[in-house]
file input_33.cif (mmCIF, C-alpha atoms, pLDDT in the B column; chains and numbers go by the auth columns)
data_query
#
loop_
_atom_site.group_PDB
_atom_site.id
_atom_site.type_symbol
_atom_site.label_atom_id
_atom_site.label_comp_id
_atom_site.label_asym_id
_atom_site.label_seq_id
_atom_site.Cartn_x
_atom_site.Cartn_y
_atom_site.Cartn_z
_atom_site.B_iso_or_equiv
_atom_site.auth_seq_id
_atom_site.auth_asym_id
ATOM 1 C CA ARG A 1 6.006 -34.035 -6.245 43.00 1 A
ATOM 2 C CA THR A 2 4.017 -30.804 -6.555 47.00 2 A
ATOM 3 C CA PRO A 3 1.027 -30.535 -4.173 52.00 3 A
ATOM 4 C CA GLN A 4 -2.275 -30.381 -6.018 55.00 4 A
ATOM 5 C CA ILE A 5 -5.920 -29.693 -5.384 54.00 5 A
ATOM 6 C CA LEU A 6 -8.821 -31.420 -7.051 54.00 6 A
ATOM 7 C CA ILE A 7 -11.457 -29.373 -8.798 54.00 7 A
ATOM 8 C CA ASP A 8 -14.714 -31.209 -9.394 58.00 8 A
ATOM 9 C CA ASP A 9 -16.502 -29.925 -12.502 58.00 9 A
ATOM 10 C CA ASP A 10 -19.596 -32.134 -12.079 60.00 10 A
ATOM 11 C CA ASP A 11 -18.556 -34.783 -14.617 57.00 11 A
ATOM 12 C CA HIS A 12 -14.824 -35.012 -13.984 58.00 12 A
ATOM 13 C CA ILE A 13 -12.117 -34.247 -11.478 57.00 13 A
ATOM 14 C CA GLN A 14 -9.128 -32.187 -12.540 60.00 14 A
ATOM 15 C CA CYS A 15 -5.833 -31.907 -10.640 60.00 15 A
ATOM 16 C CA VAL A 16 -4.390 -28.414 -10.455 59.00 16 A
ATOM 17 C CA PRO A 17 -0.951 -27.545 -8.992 60.00 17 A
ATOM 18 C CA VAL A 18 -1.377 -25.760 -5.670 63.00 18 A
ATOM 19 C CA ASP A 19 1.865 -23.795 -5.376 73.00 19 A
ATOM 20 C CA PRO A 20 1.131 -20.959 -7.854 79.00 20 A
ATOM 21 C CA ILE A 21 -2.429 -20.592 -6.569 81.00 21 A
ATOM 22 C CA VAL A 22 -1.449 -20.538 -2.906 83.00 22 A
ATOM 23 C CA LYS A 23 1.466 -18.197 -3.563 87.00 23 A
ATOM 24 C CA SER A 24 -0.782 -15.668 -5.296 92.00 24 A
ATOM 25 C CA LEU A 25 -3.247 -15.820 -2.385 95.00 25 A
ATOM 26 C CA SER A 26 -0.651 -15.554 0.396 95.00 26 A
ATOM 27 C CA CYS A 27 0.164 -12.539 2.510 97.00 27 A
ATOM 28 C CA PRO A 28 3.755 -11.338 1.997 96.00 28 A
ATOM 29 C CA ILE A 29 3.947 -10.441 5.697 97.00 29 A
ATOM 30 C CA CYS A 30 2.816 -13.669 7.417 96.00 30 A
ATOM 31 C CA LEU A 31 3.170 -15.974 4.363 94.00 31 A
ATOM 32 C CA ASP A 32 -0.184 -17.668 5.124 94.00 32 A
ATOM 33 C CA LEU A 33 -3.285 -17.575 2.971 95.00 33 A
ATOM 34 C CA PHE A 34 -4.979 -14.201 3.232 97.00 34 A
ATOM 35 C CA ASN A 35 -7.281 -13.675 6.190 97.00 35 A
ATOM 36 C CA ARG A 36 -9.707 -10.774 5.640 98.00 36 A
ATOM 37 C CA THR A 37 -7.795 -9.450 2.648 98.00 37 A
ATOM 38 C CA MET A 38 -6.958 -5.759 2.381 98.00 38 A
ATOM 39 C CA VAL A 39 -5.673 -4.142 -0.813 98.00 39 A
ATOM 40 C CA THR A 40 -3.744 -0.880 -1.008 97.00 40 A
ATOM 41 C CA THR A 41 -5.293 1.788 -3.210 96.00 41 A
ATOM 42 C CA ILE A 42 -1.826 3.124 -4.071 95.00 42 A
ATOM 43 C CA CYS A 43 -0.126 0.028 -5.506 97.00 43 A
ATOM 44 C CA LEU A 44 -2.824 -2.697 -5.310 97.00 44 A
ATOM 45 C CA HIS A 45 -0.761 -5.054 -3.140 98.00 45 A
ATOM 46 C CA ARG A 46 -2.717 -7.354 -0.842 98.00 46 A
ATOM 47 C CA PHE A 47 -2.241 -8.308 2.817 98.00 47 A
ATOM 48 C CA CYS A 48 -4.129 -9.862 5.714 98.00 48 A
ATOM 49 C CA ALA A 49 -6.046 -7.145 7.547 98.00 49 A
ATOM 50 C CA ASP A 50 -4.317 -7.845 10.866 98.00 50 A
ATOM 51 C CA CYS A 51 -0.866 -7.980 9.254 98.00 51 A
ATOM 52 C CA ILE A 52 -1.105 -4.663 7.419 97.00 52 A
ATOM 53 C CA HIS A 53 -2.716 -2.899 10.397 96.00 53 A
ATOM 54 C CA ARG A 54 0.103 -4.083 12.686 96.00 54 A
ATOM 55 C CA TRP A 55 2.623 -2.997 10.036 96.00 55 A
ATOM 56 C CA LEU A 56 1.169 0.510 9.842 94.00 56 A
ATOM 57 C CA LYS A 57 0.856 0.827 13.647 93.00 57 A
ATOM 58 C CA SER A 58 4.574 0.108 14.038 92.00 58 A
ATOM 59 C CA ASP A 59 5.382 3.367 12.204 89.00 59 A
ATOM 60 C CA ASN A 60 5.993 1.691 8.857 90.00 60 A
ATOM 61 C CA LYS A 61 4.297 4.099 6.475 93.00 61 A
ATOM 62 C CA VAL A 62 5.226 2.265 3.279 95.00 62 A
ATOM 63 C CA CYS A 63 3.893 -0.759 1.421 97.00 63 A
ATOM 64 C CA PRO A 64 5.791 -3.842 2.678 96.00 64 A
ATOM 65 C CA THR A 65 6.041 -5.124 -0.904 97.00 65 A
ATOM 66 C CA CYS A 66 7.058 -2.121 -3.016 97.00 66 A
ATOM 67 C CA ARG A 67 7.819 0.635 -0.455 96.00 67 A
ATOM 68 C CA LYS A 68 5.347 3.159 -1.900 96.00 68 A
ATOM 69 C CA THR A 69 4.074 5.586 0.726 95.00 69 A
ATOM 70 C CA LEU A 70 1.023 4.488 2.751 92.00 70 A
ATOM 71 C CA LYS A 71 0.254 7.297 5.159 85.00 71 A
ATOM 72 C CA SER A 72 -2.679 5.622 6.902 86.00 72 A
ATOM 73 C CA LYS A 73 -5.406 2.969 6.853 90.00 73 A
ATOM 74 C CA ARG A 74 -7.357 5.257 4.515 94.00 74 A
ATOM 75 C CA TYR A 75 -5.246 3.822 1.697 95.00 75 A
ATOM 76 C CA LEU A 76 -6.621 0.323 2.343 97.00 76 A
ATOM 77 C CA ARG A 77 -9.801 -1.335 1.093 98.00 77 A
ATOM 78 C CA SER A 78 -11.227 -4.740 1.904 98.00 78 A
ATOM 79 C CA ASP A 79 -11.006 -7.242 -0.942 98.00 79 A
ATOM 80 C CA SER A 80 -13.960 -9.622 -0.707 97.00 80 A
ATOM 81 C CA ARG A 81 -13.285 -11.190 -4.123 96.00 81 A
ATOM 82 C CA THR A 82 -9.870 -12.382 -3.003 97.00 82 A
ATOM 83 C CA ASP A 83 -11.451 -13.665 0.218 97.00 83 A
ATOM 84 C CA LEU A 84 -13.860 -15.741 -1.892 96.00 84 A
ATOM 85 C CA LEU A 85 -10.925 -17.242 -3.803 94.00 85 A
ATOM 86 C CA VAL A 86 -9.119 -18.049 -0.547 95.00 86 A
ATOM 87 C CA ASP A 87 -12.254 -19.753 0.796 94.00 87 A
ATOM 88 C CA PHE A 88 -12.521 -21.780 -2.418 90.00 88 A
ATOM 89 C CA VAL A 89 -8.878 -22.910 -2.191 88.00 89 A
ATOM 90 C CA LYS A 90 -9.286 -23.855 1.486 88.00 90 A
ATOM 91 C CA LYS A 91 -12.379 -25.932 0.670 87.00 91 A
ATOM 92 C CA GLN A 92 -10.582 -27.634 -2.210 82.00 92 A
ATOM 93 C CA GLN A 93 -7.573 -28.403 -0.008 78.00 93 A
ATOM 94 C CA ALA A 94 -9.879 -29.935 2.614 79.00 94 A
ATOM 95 C CA LYS A 95 -11.679 -31.968 -0.058 79.00 95 A
ATOM 96 C CA THR A 96 -8.349 -33.153 -1.482 74.00 96 A
ATOM 97 C CA SER A 97 -7.132 -34.218 1.958 72.00 97 A
ATOM 98 C CA GLU A 98 -10.379 -36.088 2.523 74.00 98 A
ATOM 99 C CA LEU A 99 -10.140 -37.875 -0.832 72.00 99 A
ATOM 100 C CA ALA A 100 -6.471 -38.721 -0.250 70.00 100 A
ATOM 101 C CA GLU A 101 -7.336 -40.243 3.132 74.00 101 A
ATOM 102 C CA MET A 102 -10.160 -42.293 1.595 74.00 102 A
ATOM 103 C CA TYR A 103 -7.770 -43.483 -1.125 70.00 103 A
ATOM 104 C CA ARG A 104 -5.143 -44.519 1.461 72.00 104 A
ATOM 105 C CA GLU A 105 -7.756 -46.429 3.451 76.00 105 A
ATOM 106 C CA GLN A 106 -8.982 -48.188 0.329 74.00 106 A
ATOM 107 C CA GLN A 107 -5.403 -49.116 -0.644 73.00 107 A
ATOM 108 C CA GLN A 108 -4.881 -50.697 2.784 79.00 108 A
ATOM 109 C CA HIS A 109 -8.012 -52.826 2.405 74.00 109 A
ATOM 110 C CA ASP A 110 -7.172 -54.031 -1.127 67.00 110 A
#

call {"tool": "encode", "arguments": {"input": "input_33.cif", "output": "structure tokens"}}
result
Amino acid sequence: RTPQILIDDDDHIQCVPVDPIVKSLSCPICLDLFNRTMVTTICLHRFCADCIHRWLKSDNKVCPTCRKTLKSKRYLRSDSRTDLLVDFVKKQQAKTSELAEMYREQQQHD
């Protein structure tokens, strides 16, 4: 079964598959959800700030995704919009876990 998150639009709850959302908000270096997202100005690929800084410090001067040249940190910009999306997904995942736990408890009492 595909993992899902619940999105509450005031009047109703909608289930949305998690995999495509999480995949698009995951760092290709560490494979976790972005943490302090950085975007390259050359190719627009995104990474966690710590991941891409470590990558560049280890003498890798190319984008880990497409191999375009990244000479320095000057080619990186923070991406606060993506960070907002990641925060939203994390909150929804926590809410879904909470609701699932409440449902399990209710099923045990019925």

call {"tool": "atom_distance", "arguments": {"input": "input_33.cif", "atom1": "atom CA of A:Cys27", "atom2": "atom CA of A:Arg81"}}
result
15.1 Å

call {"tool": "atom_distance", "arguments": {"input": "input_33.cif", "atom1": "atom CA of A:Thr41", "atom2": "atom CA of A:Arg77"}}
result
7.0 Å

call {"tool": "residues_near_point", "arguments": {"input": "input_33.cif", "point": "(-9.0, -10.2, 1.8)", "cutoff": "12 Å", "atoms": "all atoms listed in the file", "output": "count of residues only"}}
result
31

call {"tool": "atom_distance", "arguments": {"input": "input_33.cif", "atom1": "atom CA of A:Gln106", "atom2": "atom CA of A:Ala94"}}
result
18.4 Å

call {"tool": "closest_residue", "arguments": {"input": "input_33.cif", "among": "A:Gln92, A:His109, A:Trp55, A:Glu98", "to": "A:Pro28", "atoms": "only C-alpha atoms"}}
result
A:Trp55

call {"tool": "residues_around", "arguments": {"input": "input_33.cif", "residues": "A:Lys68", "least_positions_apart": "6", "cutoff": "12 Å", "atoms": "only C-alpha atoms", "output": "PDB file with C-alpha atoms, in the coordinates of the input"}}
result
ATOM      1  CA  THR A  40      -3.744  -0.880  -1.008  1.00 97.00           C
ATOM      2  CA  THR A  41      -5.293   1.788  -3.210  1.00 96.00           C
ATOM      3  CA  ILE A  42      -1.826   3.124  -4.071  1.00 95.00           C
ATOM      4  CA  CYS A  43      -0.126   0.028  -5.506  1.00 97.00           C
ATOM      5  CA  LEU A  44      -2.824  -2.697  -5.310  1.00 97.00           C
ATOM      6  CA  HIS A  45      -0.761  -5.054  -3.140  1.00 98.00           C
ATOM      7  CA  ASN A  60       5.993   1.691   8.857  1.00 90.00           C
ATOM      8  CA  LYS A  61       4.297   4.099   6.475  1.00 93.00           C
ATOM      9  CA  VAL A  62       5.226   2.265   3.279  1.00 95.00           C
ATOM     10  CA  TYR A  75      -5.246   3.822   1.697  1.00 95.00           C
TER      11      TYR A  75
END

call {"tool": "decode", "arguments": {"input": "input_33.cif", "residues": "stretch 53-88 of chain A", "atoms": "N, CA and C atoms", "output": "compact mmCIF listing (two decimals), in the first residue's frame"}}
result
# COMPACT_ATOMS: atom_id res chain seq x y z
N HIS A 53 27.51 21.60 0.75
CA HIS A 53 28.76 22.22 1.21
C HIS A 53 29.84 21.17 1.43
N ARG A 54 29.47 20.04 2.03
CA ARG A 54 30.45 18.94 2.19
C ARG A 54 30.92 18.45 0.83
N TRP A 55 29.99 18.32 -0.11
CA TRP A 55 30.31 17.86 -1.47
C TRP A 55 31.35 18.78 -2.11
N LEU A 56 31.11 20.08 -2.03
CA LEU A 56 32.03 21.04 -2.65
C LEU A 56 33.38 21.09 -1.92
N LYS A 57 33.38 20.93 -0.61
CA LYS A 57 34.63 20.94 0.17
C LYS A 57 35.51 19.73 -0.15
N SER A 58 34.90 18.64 -0.60
CA SER A 58 35.69 17.44 -0.91
C SER A 58 36.20 17.46 -2.35
N ASP A 59 36.40 18.65 -2.88
CA ASP A 59 36.96 18.86 -4.22
C ASP A 59 36.08 18.35 -5.36
N ASN A 60 34.80 18.19 -5.10
CA ASN A 60 33.85 17.89 -6.17
C ASN A 60 33.32 19.23 -6.66
N LYS A 61 33.71 19.65 -7.81
CA LYS A 61 33.32 20.96 -8.33
C LYS A 61 32.26 20.84 -9.43
N VAL A 62 31.40 19.82 -9.29
CA VAL A 62 30.32 19.62 -10.24
C VAL A 62 29.02 19.37 -9.47
N CYS A 63 27.91 19.59 -10.12
CA CYS A 63 26.61 19.28 -9.53
C CYS A 63 26.51 17.76 -9.37
N PRO A 64 26.13 17.27 -8.19
CA PRO A 64 26.02 15.83 -7.97
C PRO A 64 24.95 15.17 -8.84
N THR A 65 24.00 15.96 -9.33
CA THR A 65 22.90 15.41 -10.12
C THR A 65 23.22 15.37 -11.61
N CYS A 66 23.71 16.49 -12.16
CA CYS A 66 23.88 16.55 -13.62
C CYS A 66 25.33 16.75 -14.08
N ARG A 67 26.24 16.97 -13.13
CA ARG A 67 27.68 17.11 -13.41
C ARG A 67 28.06 18.43 -14.09
N LYS A 68 27.17 19.43 -14.08
CA LYS A 68 27.56 20.75 -14.58
C LYS A 68 28.53 21.36 -13.58
N THR A 69 29.43 22.20 -14.06
CA THR A 69 30.47 22.78 -13.22
C THR A 69 29.90 23.72 -12.16
N LEU A 70 30.32 23.49 -10.92
CA LEU A 70 30.00 24.37 -9.78
C LEU A 70 31.33 24.74 -9.14
N LYS A 71 31.85 25.89 -9.46
CA LYS A 71 33.20 26.24 -9.00
C LYS A 71 33.26 26.56 -7.52
N SER A 72 32.16 27.08 -6.96
CA SER A 72 32.20 27.45 -5.54
C SER A 72 30.78 27.60 -4.99
N LYS A 73 30.72 27.96 -3.70
CA LYS A 73 29.44 28.20 -3.03
C LYS A 73 28.71 29.41 -3.62
N ARG A 74 29.41 30.23 -4.37
CA ARG A 74 28.76 31.40 -4.98
C ARG A 74 27.66 30.99 -5.96
N TYR A 75 27.69 29.76 -6.41
CA TYR A 75 26.69 29.27 -7.35
C TYR A 75 25.47 28.67 -6.64
N LEU A 76 25.39 28.88 -5.33
CA LEU A 76 24.29 28.34 -4.53
C LEU A 76 23.46 29.48 -3.94
N ARG A 77 22.16 29.25 -3.84
CA ARG A 77 21.25 30.19 -3.19
C ARG A 77 20.34 29.39 -2.27
N SER A 78 19.96 30.01 -1.15
CA SER A 78 19.00 29.33 -0.27
C SER A 78 17.64 29.33 -0.95
N ASP A 79 16.84 28.33 -0.63
CA ASP A 79 15.54 28.15 -1.27
C ASP A 79 14.47 28.04 -0.18
N SER A 80 14.02 29.18 0.31
CA SER A 80 13.07 29.20 1.42
C SER A 80 11.69 28.67 1.03
N ARG A 81 11.32 28.78 -0.23
CA ARG A 81 10.01 28.25 -0.66
C ARG A 81 9.98 26.72 -0.55
N THR A 82 11.07 26.09 -0.96
CA THR A 82 11.13 24.63 -0.82
C THR A 82 11.14 24.25 0.65
N ASP A 83 11.83 25.03 1.48
CA ASP A 83 11.83 24.76 2.92
C ASP A 83 10.42 24.82 3.50
N LEU A 84 9.62 25.76 3.02
CA LEU A 84 8.22 25.86 3.48
C LEU A 84 7.44 24.61 3.08
N LEU A 85 7.66 24.12 1.87
CA LEU A 85 6.98 22.89 1.44
C LEU A 85 7.41 21.69 2.29
N VAL A 86 8.69 21.60 2.58
CA VAL A 86 9.20 20.50 3.41
C VAL A 86 8.56 20.57 4.80
N ASP A 87 8.49 21.77 5.37
CA ASP A 87 7.85 21.92 6.69
C ASP A 87 6.39 21.48 6.64
N PHE A 88 5.69 21.85 5.56
CA PHE A 88 4.29 21.46 5.41
C PHE A 88 4.16 19.93 5.36
